[in-house]
Amino acid sequence: MTEEKHEPVSYRTFIITWIVLLVLTGVTVGVAQFDFGAINVWIALTVASSKAALVLFVFMHLRQESVLFKVGLLVMLVTLIIFIGLTFTDILYREVLP
Amino acid sequence: MSFDHRDDTGARFGMWLFLYTEVILFSGLFLLYAIALVNFPQDYITASNKLNVWFGAANTVVLLTSSLTIALAITAIQRNQIRLCLNLCWATIALAVVFLINKYFEWSHEISLGIYPASPTLLEMGPGITSFFNLYYFTAGLHGLHVLIGAVLIAVVAVMVAKGKVTSERYVLLENSALYWHLVDLVWIFLFPLYYLII
């Protein structure tokens, strides 16, 4: 049985991705110099998620992998959302912390 | 006739499954962080301001660059450019060392200010700031341990590349070490803004 091989990703693609990641890092540090209240955390998380997506799909070759790998990631993310979300249904509606 | 059992896709998928469990591990810590942030919003801002943003930013650049070098190493081995692949592996390890040295100076500075788990200074600062720094040391410490493990893993695989045991025909070990290394980068991508940039 022959193994399926990925086509090599060009050096160029990786370097461009790296530059975008550095720019996004600059954006997070820049935004954090201004106080927008609670929105700051959400901006930081949005930028971090975009960076994570770039690392996952380009650096980690997820783009080239089969559907199985992508479904696996989705299952993991849904699991995370369930356990974080359910915890917060408790935390946000407590009167006093014990 | 010997029969070679081999399933590179399966090996990579196994690595991805392992990485999901790592994400769940770190998510537990981030969940604790989120709960404490909701309970002590003001203390978390005060505590975050005590961390040096530039140490954190420098380490972000170091880790992103190391992710680039190990990603390039995969392309190099696929194109059978063994010399280049090895250099990129060593560059990744060098960046890991830079990260850890940076962390050493950062933590030394904080410890010299009396900020370390269960220190008298933290006790005076109250439960909010104490929880921030306890979580900071634990999460960044666990992350630092992963940096160390990842660097050792890449070093072992680099030696195998040099000896011709990992080749352009068979390089799944290098791919899996690289995947582990990218996870270290992913964790830092979230750790950096949450701990250093809260205002």
# chains A, B, ... in the order shown; residues from 1 in each chain; ligands from 1
$ interface_residues --of "chain B" --to "chain A" --cutoff "6 Å" --atoms "only C-alpha atoms" --output "ChimeraX atom specification"
/B:71,75,179,186,189-190,197
$ write_last_selection --atoms "C-alpha atoms" --output "PDB file, in the first residue's frame"
ATOM      1  CA  ALA B  71       7.033  24.343   9.446  1.00  0.00           C
ATOM      2  CA  THR B  75       8.852  21.419   3.409  1.00  0.00           C
ATOM      3  CA  LEU B 179       2.566  19.332  15.417  1.00  0.00           C
ATOM      4  CA  LEU B 186      -1.125  27.828  20.090  1.00  0.00           C
ATOM      5  CA  ILE B 189      -1.188  32.704  21.510  1.00  0.00           C
ATOM      6  CA  PHE B 190      -4.006  32.641  24.108  1.00  0.00           C
ATOM      7  CA  LEU B 197      -2.629  42.533  28.092  1.00  0.00           C
TER       8      LEU B 197
END
$ select_by_dssp --residues "stretch 3-66 of chain A" --states "helix (DSSP H, G or I)" --output "PyMOL selection string"
chain A and resi 11-31+39-59+62-64
$ closest_residue --among "B:Met15, B:Leu191, B:Ala118, B:Ile154" --to "B:Cys85" --atoms "only C-alpha atoms"
B:Ile154
$ residues_around --residues "B:Ser131" --least-positions-apart "4" --cutoff "12 Å" --atoms "only C-alpha atoms" --output "list of chain:residue names"
B:Leu29, B:Leu32, B:Tyr33, B:Ala34, B:Ile35, B:Ala36, B:Leu37, B:Asn39, B:Phe40, B:Pro41, B:Asp43, B:Tyr44, B:Ala47, B:Ser48, B:Ile115, B:Tyr116, B:Pro117, B:Ala118, B:Leu122, B:Leu123, B:Met125, B:Gly126, B:Pro127, B:Leu135, B:Tyr136, B:Tyr137, B:Phe138, B:Thr139
$ write_last_selection --atoms "N, CA and C atoms" --output "PDB file, in the first residue's frame"
ATOM      1  N   LEU B  29      -7.315  25.226  32.866  1.00  0.00           N
ATOM      2  CA  LEU B  29      -6.649  26.369  33.497  1.00  0.00           C
ATOM      3  C   LEU B  29      -7.228  27.691  32.996  1.00  0.00           C
ATOM      4  N   LEU B  32     -10.483  28.311  34.755  1.00  0.00           N
ATOM      5  CA  LEU B  32     -10.265  28.881  36.094  1.00  0.00           C
ATOM      6  C   LEU B  32      -9.970  30.371  35.981  1.00  0.00           C
ATOM      7  N   TYR B  33      -9.150  30.726  34.992  1.00  0.00           N
ATOM      8  CA  TYR B  33      -8.813  32.129  34.757  1.00  0.00           C
ATOM      9  C   TYR B  33     -10.084  32.943  34.498  1.00  0.00           C
ATOM     10  N   ALA B  34     -10.952  32.416  33.607  1.00  0.00           N
ATOM     11  CA  ALA B  34     -12.165  33.154  33.226  1.00  0.00           C
ATOM     12  C   ALA B  34     -13.071  33.368  34.441  1.00  0.00           C
ATOM     13  N   ILE B  35     -13.199  32.327  35.270  1.00  0.00           N
ATOM     14  CA  ILE B  35     -14.054  32.441  36.455  1.00  0.00           C
ATOM     15  C   ILE B  35     -13.496  33.505  37.404  1.00  0.00           C
ATOM     16  N   ALA B  36     -12.178  33.473  37.628  1.00  0.00           N
ATOM     17  CA  ALA B  36     -11.568  34.441  38.541  1.00  0.00           C
ATOM     18  C   ALA B  36     -11.660  35.855  37.966  1.00  0.00           C
ATOM     19  N   LEU B  37     -11.557  35.968  36.623  1.00  0.00           N
ATOM     20  CA  LEU B  37     -11.663  37.290  35.982  1.00  0.00           C
ATOM     21  C   LEU B  37     -13.049  37.886  36.214  1.00  0.00           C
ATOM     22  N   ASN B  39     -14.946  37.215  38.779  1.00  0.00           N
ATOM     23  CA  ASN B  39     -15.103  37.519  40.202  1.00  0.00           C
ATOM     24  C   ASN B  39     -14.239  38.674  40.693  1.00  0.00           C
ATOM     25  N   PHE B  40     -13.024  38.824  40.111  1.00  0.00           N
ATOM     26  CA  PHE B  40     -12.114  39.888  40.558  1.00  0.00           C
ATOM     27  C   PHE B  40     -11.643  40.737  39.385  1.00  0.00           C
ATOM     28  N   PRO B  41     -12.561  41.391  38.649  1.00  0.00           N
ATOM     29  CA  PRO B  41     -12.115  42.107  37.437  1.00  0.00           C
ATOM     30  C   PRO B  41     -11.042  43.167  37.731  1.00  0.00           C
ATOM     31  N   ASP B  43      -8.925  43.461  40.356  1.00  0.00           N
ATOM     32  CA  ASP B  43      -7.663  42.862  40.797  1.00  0.00           C
ATOM     33  C   ASP B  43      -6.875  42.287  39.627  1.00  0.00           C
ATOM     34  N   TYR B  44      -7.611  41.716  38.633  1.00  0.00           N
ATOM     35  CA  TYR B  44      -6.917  41.113  37.505  1.00  0.00           C
ATOM     36  C   TYR B  44      -6.219  42.172  36.657  1.00  0.00           C
ATOM     37  N   ALA B  47      -3.126  43.217  38.672  1.00  0.00           N
ATOM     38  CA  ALA B  47      -2.096  42.181  38.637  1.00  0.00           C
ATOM     39  C   ALA B  47      -1.445  42.106  37.258  1.00  0.00           C
ATOM     40  N   SER B  48      -2.273  42.178  36.199  1.00  0.00           N
ATOM     41  CA  SER B  48      -1.748  42.084  34.840  1.00  0.00           C
ATOM     42  C   SER B  48      -0.764  43.221  34.546  1.00  0.00           C
ATOM     43  N   ILE B 115       6.930  38.400  44.342  1.00  0.00           N
ATOM     44  CA  ILE B 115       5.727  37.786  43.770  1.00  0.00           C
ATOM     45  C   ILE B 115       6.034  36.349  43.361  1.00  0.00           C
ATOM     46  N   TYR B 116       5.623  35.420  44.190  1.00  0.00           N
ATOM     47  CA  TYR B 116       5.730  33.994  43.879  1.00  0.00           C
ATOM     48  C   TYR B 116       4.674  33.291  44.723  1.00  0.00           C
ATOM     49  N   PRO B 117       4.246  32.071  44.331  1.00  0.00           N
ATOM     50  CA  PRO B 117       3.152  31.430  45.058  1.00  0.00           C
ATOM     51  C   PRO B 117       3.423  31.376  46.560  1.00  0.00           C
ATOM     52  N   ALA B 118       2.410  31.725  47.334  1.00  0.00           N
ATOM     53  CA  ALA B 118       2.437  31.672  48.805  1.00  0.00           C
ATOM     54  C   ALA B 118       3.435  32.652  49.423  1.00  0.00           C
ATOM     55  N   LEU B 122       2.266  38.565  48.305  1.00  0.00           N
ATOM     56  CA  LEU B 122       0.997  38.232  47.650  1.00  0.00           C
ATOM     57  C   LEU B 122      -0.138  38.136  48.660  1.00  0.00           C
ATOM     58  N   LEU B 123       0.184  37.610  49.833  1.00  0.00           N
ATOM     59  CA  LEU B 123      -0.820  37.463  50.888  1.00  0.00           C
ATOM     60  C   LEU B 123      -1.433  38.813  51.218  1.00  0.00           C
ATOM     61  N   MET B 125      -1.681  41.301  49.226  1.00  0.00           N
ATOM     62  CA  MET B 125      -2.400  41.878  48.080  1.00  0.00           C
ATOM     63  C   MET B 125      -3.824  41.342  47.938  1.00  0.00           C
ATOM     64  N   GLY B 126      -4.182  40.328  48.698  1.00  0.00           N
ATOM     65  CA  GLY B 126      -5.559  39.832  48.672  1.00  0.00           C
ATOM     66  C   GLY B 126      -5.785  38.663  47.732  1.00  0.00           C
ATOM     67  N   PRO B 127      -6.971  38.054  47.796  1.00  0.00           N
ATOM     68  CA  PRO B 127      -7.247  36.807  47.064  1.00  0.00           C
ATOM     69  C   PRO B 127      -7.261  36.963  45.543  1.00  0.00           C
ATOM     70  N   LEU B 135      -2.322  31.273  39.111  1.00  0.00           N
ATOM     71  CA  LEU B 135      -2.675  30.718  37.799  1.00  0.00           C
ATOM     72  C   LEU B 135      -1.602  31.039  36.765  1.00  0.00           C
ATOM     73  N   TYR B 136      -1.036  32.245  36.865  1.00  0.00           N
ATOM     74  CA  TYR B 136       0.018  32.651  35.927  1.00  0.00           C
ATOM     75  C   TYR B 136       1.219  31.713  36.036  1.00  0.00           C
ATOM     76  N   TYR B 137       1.672  31.476  37.276  1.00  0.00           N
ATOM     77  CA  TYR B 137       2.838  30.591  37.437  1.00  0.00           C
ATOM     78  C   TYR B 137       2.515  29.171  36.995  1.00  0.00           C
ATOM     79  N   PHE B 138       1.306  28.703  37.321  1.00  0.00           N
ATOM     80  CA  PHE B 138       0.965  27.326  36.967  1.00  0.00           C
ATOM     81  C   PHE B 138       0.838  27.166  35.449  1.00  0.00           C
ATOM     82  N   THR B 139       0.077  28.073  34.809  1.00  0.00           N
ATOM     83  CA  THR B 139      -0.150  27.941  33.359  1.00  0.00           C
ATOM     84  C   THR B 139       1.146  28.151  32.580  1.00  0.00           C
TER      85      THR B 139
END
$ atom_distance --atom1 "atom CA of B:Arg170" --atom2 "atom CA of B:Val23"
27.6 Å
$ residues_around --residues "B:Leu19" --least-positions-apart "2" --cutoff "10 Å" --atoms "only C-alpha atoms" --output "list of chain:residue names"
A:Leu73, B:Phe13, B:Gly14, B:Met15, B:Trp16, B:Leu17, B:Thr21, B:Glu22, B:Val23, B:Ile24, B:Leu25, B:Leu179, B:Tyr180, B:His182, B:Leu183, B:Val184
$ write_last_selection --atoms "C-alpha atoms" --output "compact mmCIF listing (two decimals), in the first residue's frame"
# COMPACT_ATOMS: atom_id res chain seq x y z
CA LEU A 73 -11.14 19.62 15.60
CA PHE B 13 -4.35 11.48 13.38
CA GLY B 14 -3.20 9.83 16.61
CA MET B 15 -1.01 12.87 17.27
CA TRP B 16 -3.95 15.20 16.64
CA LEU B 17 -6.08 13.20 19.10
CA THR B 21 -6.37 16.16 25.13
CA GLU B 22 -3.61 18.71 25.67
CA VAL B 23 -6.01 21.48 24.67
CA ILE B 24 -8.54 20.16 27.20
CA LEU B 25 -5.79 20.17 29.86
CA LEU B 179 2.57 19.33 15.42
CA TYR B 180 3.49 19.18 19.11
CA HIS B 182 2.77 24.19 17.04
CA LEU B 183 0.51 23.28 19.98
CA VAL B 184 3.02 24.99 22.30
